[in-house]
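Undergrad: A single structure is presented below for examination.
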Amino acid sequence: MAWLEGGRLHLNHGPIDLVIGIFGAERAVGDAFVRAIARFDGLLEELVAELPALRSARPLALHGPVARAMAAAVAPHRPAFITPMAAVAGAVADTVLAAGVGPGVRRAYVNNGGDIALYLAPGQALRCAVAQAGVGGLITINDHDPVRGIATSGWRGRSFSFGIADAVTVLAASAARADAAATMIANAVDLPGHPAITRRPAVELQVDSDLGSRLVTVAVGTLTPGEVARALDRGALVADALRARGVIAGAALFLHHEVRILGQMALARTPEPCLG
């Protein structure tokens with residue numbers, strides 16, 4: 001645990017790395033940080049206790065509240081292959097945020113490696129930068145928006161991807177739902193069989209990967225503008241279908257300096273600060 005510039009709190013345990021910002025009355029903010037710290041303590045152990053089931057693509061019985069939230073977030077994407085681990089970062093962010101928020105807190109966020117849970121009291125808003133390879137801008141989430149989670153996935157990120165998106169950023173009602181959806185949309189941004197794309201079995205890169213022997217992207221070479229457009233089109237079809245079903249509110253798909261924007265994802269190119 002460490003305090004960062006601007007009164008933010010950094011919590012780290014194993015693969016979980018949180019940056020927490022809370023705004024409101026001074027005492028309320030202090031109490032909120034205490035509650036967030038208390039909930040974070042032991043959270044990783046809760047997940048490890050159910051890890052075999054969380055790594056399964058079959059819907060198995062889960063007991064902990066975070067594990068159940070992960071399973072609920074991936075359920076809308078079945079029968080396609082997905083495990084609850086696709087929503088782990090977002091579900092952890094949601095859980096710690098919910099524990100921290102209380103009376104006197106006006107706005108708050110928990111950023112778990114780029115997957116962000118948000119709280120906004122009436123009249124409040126938060127801004128967040130969305131960018132990849134110099135393309136992007138700022139999004140503003142207002143209290144009346146149906147968005148309380150932001151998540152990003154892609155082959156360049158900390159998790160494996162079946163697709164070739166440099167990044168896919170998703171807005172949804174929770175960070176867990178955004179996390180799962182970003183994974184699936186990023187997987188869909190693809191050019192199957194293209195010679196410029198290098199893939200390897202996930203287990204060769206991480207022996208206990210929930211993806212097993214399925215091929216994941218490890219390198220993407222030069223693509224023509226037409227190929228980039230086709231790959232983004234594939235991802236956009238999945239994103240549009242999820243938006244039509246109410247699973248997500250919007251998405252931004254990035255590949256080779258190109259971006260595809262869908263739904264509630266207006267990018268404002270201004271120098272305003274992020275998450276403030």
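Following the order of the structure tokens, chains are lettered A, B, ..., residues in each are numbered from 1, and ligands are numbered from 1.
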Considering only strand (DSSP E) as DSSP defines it on the backbone, what residues of range 28-156 of chain A qualify? List them as a ChimeraX atom specification.

TA: /A:105-112,115-120,125-132,135-142,149-153

Undergrad: Find the residues near Ala69 in chain A: any atom within 12 Å, counting only C-alpha atoms, skip ones fewer than 5 places away on the same chain, and give them as a PyMOL selection string.

TA: chain A and resi 47+54+62-64+74-75+84-95+174-177+179-180

Undergrad: Keeping only N, CA and C atoms, write the selected residues to a file as a CSV table (one decimal), in the first residue's frame.

TA:
chain,number,residue,atom,x,y,z
A,47,LEU,N,-10.2,-15.4,-4.6
A,47,LEU,CA,-10.2,-15.8,-6.0
A,47,LEU,C,-9.4,-17.1,-6.2
A,54,LEU,N,-12.9,-20.9,-12.0
A,54,LEU,CA,-12.9,-19.6,-12.7
A,54,LEU,C,-12.1,-19.7,-14.1
A,62,LEU,N,-20.0,-21.3,-8.4
A,62,LEU,CA,-19.0,-20.5,-7.8
A,62,LEU,C,-19.7,-19.9,-6.5
A,63,HIS,N,-18.8,-19.6,-5.5
A,63,HIS,CA,-19.4,-19.2,-4.2
A,63,HIS,C,-19.1,-17.8,-3.7
A,64,GLY,N,-17.9,-17.3,-4.0
A,64,GLY,CA,-17.5,-15.9,-3.6
A,64,GLY,C,-18.2,-14.9,-4.4
A,74,VAL,N,-19.5,-12.7,-17.9
A,74,VAL,CA,-19.2,-13.5,-19.1
A,74,VAL,C,-20.4,-14.2,-19.7
A,75,ALA,N,-21.5,-14.4,-18.9
A,75,ALA,CA,-22.6,-15.2,-19.3
A,75,ALA,C,-23.2,-14.7,-20.6
A,84,PRO,N,-14.7,-17.1,-16.8
A,84,PRO,CA,-14.8,-16.0,-15.9
A,84,PRO,C,-13.6,-15.1,-15.8
A,85,MET,N,-12.4,-15.7,-16.0
A,85,MET,CA,-11.2,-14.9,-15.9
A,85,MET,C,-11.2,-13.7,-16.8
A,86,ALA,N,-12.0,-13.7,-17.9
A,86,ALA,CA,-12.1,-12.6,-18.8
A,86,ALA,C,-12.6,-11.3,-18.1
A,87,ALA,N,-13.2,-11.5,-16.9
A,87,ALA,CA,-13.8,-10.4,-16.2
A,87,ALA,C,-13.1,-10.1,-14.9
A,88,VAL,N,-12.0,-10.8,-14.6
A,88,VAL,CA,-11.5,-10.7,-13.2
A,88,VAL,C,-11.0,-9.3,-12.8
A,89,ALA,N,-10.3,-8.6,-13.7
A,89,ALA,CA,-9.8,-7.3,-13.4
A,89,ALA,C,-11.0,-6.3,-13.1
A,90,GLY,N,-12.0,-6.3,-14.0
A,90,GLY,CA,-13.1,-5.5,-13.8
A,90,GLY,C,-13.9,-5.8,-12.6
A,91,ALA,N,-14.1,-7.1,-12.3
A,91,ALA,CA,-14.9,-7.5,-11.1
A,91,ALA,C,-14.2,-7.1,-9.8
A,92,VAL,N,-12.9,-7.2,-9.8
A,92,VAL,CA,-12.1,-6.7,-8.6
A,92,VAL,C,-12.3,-5.2,-8.4
A,93,ALA,N,-12.2,-4.5,-9.5
A,93,ALA,CA,-12.4,-3.0,-9.4
A,93,ALA,C,-13.8,-2.7,-8.9
A,94,ASP,N,-14.8,-3.3,-9.4
A,94,ASP,CA,-16.2,-3.1,-9.0
A,94,ASP,C,-16.3,-3.3,-7.5
A,95,THR,N,-15.7,-4.4,-7.0
A,95,THR,CA,-15.9,-4.9,-5.6
A,95,THR,C,-15.3,-3.9,-4.7
A,174,SER,N,-20.9,-1.8,-15.8
A,174,SER,CA,-19.9,-2.2,-14.7
A,174,SER,C,-18.6,-2.5,-15.3
A,175,ALA,N,-17.5,-2.4,-14.5
A,175,ALA,CA,-16.2,-2.7,-15.0
A,175,ALA,C,-16.1,-4.2,-15.4
A,176,ALA,N,-16.8,-5.1,-14.7
A,176,ALA,CA,-16.7,-6.5,-15.1
A,176,ALA,C,-17.4,-6.8,-16.4
A,177,ARG,N,-18.5,-6.1,-16.7
A,177,ARG,CA,-19.2,-6.3,-18.0
A,177,ARG,C,-18.3,-5.7,-19.1
A,179,ASP,N,-15.1,-5.4,-19.1
A,179,ASP,CA,-13.9,-6.3,-19.2
A,179,ASP,C,-14.2,-7.5,-20.1
A,180,ALA,N,-15.3,-8.2,-19.8
A,180,ALA,CA,-15.6,-9.3,-20.6
A,180,ALA,C,-15.9,-9.0,-22.1

Undergrad: Nearest residue to Pro122 in chain A out of A:His144, A:His194, A:Arg8, A:Arg230, using only C-alpha atoms?

TA: A:His144

Undergrad: Can you check which residues of range 140-250 of chain A DSSP gives as helix (DSSP H, G or I) on the backbone and send them as a VMD selection string?

TA: chain A and resid 175 to 188 202 to 205 225 to 244

Undergrad: Return the single residue from A:Ala71, A:Leu18, A:Ala61, A:Val203 that is closest to Ala117 in chain A, with distances computed using only C-alpha atoms.

TA: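 Going through A:Ala71, A:Leu18, A:Ala61, A:Val203 one by one, the smallest distance to Ala117 in chain A is for A:Leu18.
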
Undergrad: Show me, as a list in words, the residues that have an atom within 7 Å of range 211-221 of chain A when counting only C-alpha atoms, minus same-chain residues fewer than 4 positions from it.

TA: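 Surrounding residues, per the criterion: Trp155, Phe160, Ser161, Phe162, Gly163, Ile164, Ala196, Ile197, Thr198, Arg199, Arg200, Pro201, Ala202 and Val203 of chain A.
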
Undergrad: Taking N, CA and C atoms for each residue, export the selection above as a PDB file, in the first residue's frame.

TA:
ATOM      1  N   TRP A 155      -4.196  -7.472 -28.092  1.00  0.00           N
ATOM      2  CA  TRP A 155      -3.061  -8.403 -28.066  1.00  0.00           C
ATOM      3  C   TRP A 155      -1.818  -7.779 -27.428  1.00  0.00           C
ATOM      4  N   PHE A 160      -3.825 -12.329 -22.847  1.00  0.00           N
ATOM      5  CA  PHE A 160      -3.719 -12.853 -24.201  1.00  0.00           C
ATOM      6  C   PHE A 160      -4.985 -12.556 -24.998  1.00  0.00           C
ATOM      7  N   SER A 161      -4.843 -12.505 -26.329  1.00  0.00           N
ATOM      8  CA  SER A 161      -5.971 -12.246 -27.210  1.00  0.00           C
ATOM      9  C   SER A 161      -5.901 -13.159 -28.424  1.00  0.00           C
ATOM     10  N   PHE A 162      -7.075 -13.595 -28.889  1.00  0.00           N
ATOM     11  CA  PHE A 162      -7.146 -14.362 -30.125  1.00  0.00           C
ATOM     12  C   PHE A 162      -7.058 -13.440 -31.345  1.00  0.00           C
ATOM     13  N   GLY A 163      -7.302 -12.164 -31.149  1.00  0.00           N
ATOM     14  CA  GLY A 163      -7.375 -11.220 -32.255  1.00  0.00           C
ATOM     15  C   GLY A 163      -6.131 -10.372 -32.403  1.00  0.00           C
ATOM     16  N   ILE A 164      -6.237  -9.332 -33.234  1.00  0.00           N
ATOM     17  CA  ILE A 164      -5.074  -8.494 -33.551  1.00  0.00           C
ATOM     18  C   ILE A 164      -5.309  -7.028 -33.202  1.00  0.00           C
ATOM     19  N   ALA A 196       1.091 -12.298 -41.945  1.00  0.00           N
ATOM     20  CA  ALA A 196       1.805 -11.303 -41.138  1.00  0.00           C
ATOM     21  C   ALA A 196       1.506 -11.429 -39.643  1.00  0.00           C
ATOM     22  N   ILE A 197       0.613 -12.347 -39.293  1.00  0.00           N
ATOM     23  CA  ILE A 197       0.208 -12.500 -37.893  1.00  0.00           C
ATOM     24  C   ILE A 197       0.828 -13.765 -37.322  1.00  0.00           C
ATOM     25  N   THR A 198       1.529 -13.632 -36.211  1.00  0.00           N
ATOM     26  CA  THR A 198       2.168 -14.764 -35.545  1.00  0.00           C
ATOM     27  C   THR A 198       1.373 -15.134 -34.307  1.00  0.00           C
ATOM     28  N   ARG A 199       1.106 -16.430 -34.160  1.00  0.00           N
ATOM     29  CA  ARG A 199       0.336 -16.914 -33.016  1.00  0.00           C
ATOM     30  C   ARG A 199       1.045 -18.114 -32.386  1.00  0.00           C
ATOM     31  N   ARG A 200       0.811 -18.282 -31.092  1.00  0.00           N
ATOM     32  CA  ARG A 200       1.367 -19.417 -30.363  1.00  0.00           C
ATOM     33  C   ARG A 200       0.334 -19.949 -29.382  1.00  0.00           C
ATOM     34  N   PRO A 201       0.414 -21.224 -29.030  1.00  0.00           N
ATOM     35  CA  PRO A 201      -0.508 -21.745 -28.013  1.00  0.00           C
ATOM     36  C   PRO A 201      -0.323 -20.996 -26.697  1.00  0.00           C
ATOM     37  N   ALA A 202      -1.430 -20.653 -26.061  1.00  0.00           N
ATOM     38  CA  ALA A 202      -1.365 -19.882 -24.818  1.00  0.00           C
ATOM     39  C   ALA A 202      -0.538 -20.593 -23.751  1.00  0.00           C
ATOM     40  N   VAL A 203      -0.622 -21.928 -23.681  1.00  0.00           N
ATOM     41  CA  VAL A 203       0.098 -22.659 -22.633  1.00  0.00           C
ATOM     42  C   VAL A 203       1.609 -22.592 -22.811  1.00  0.00           C
TER      43      VAL A 203
END

Undergrad: I'd like the interatomic distance between CA of Ala28 in chain A and CA of Arg127 in chain A, to a tenth of an Å.

TA: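 Rounded to one decimal, the two atoms are 21.9 Å apart.
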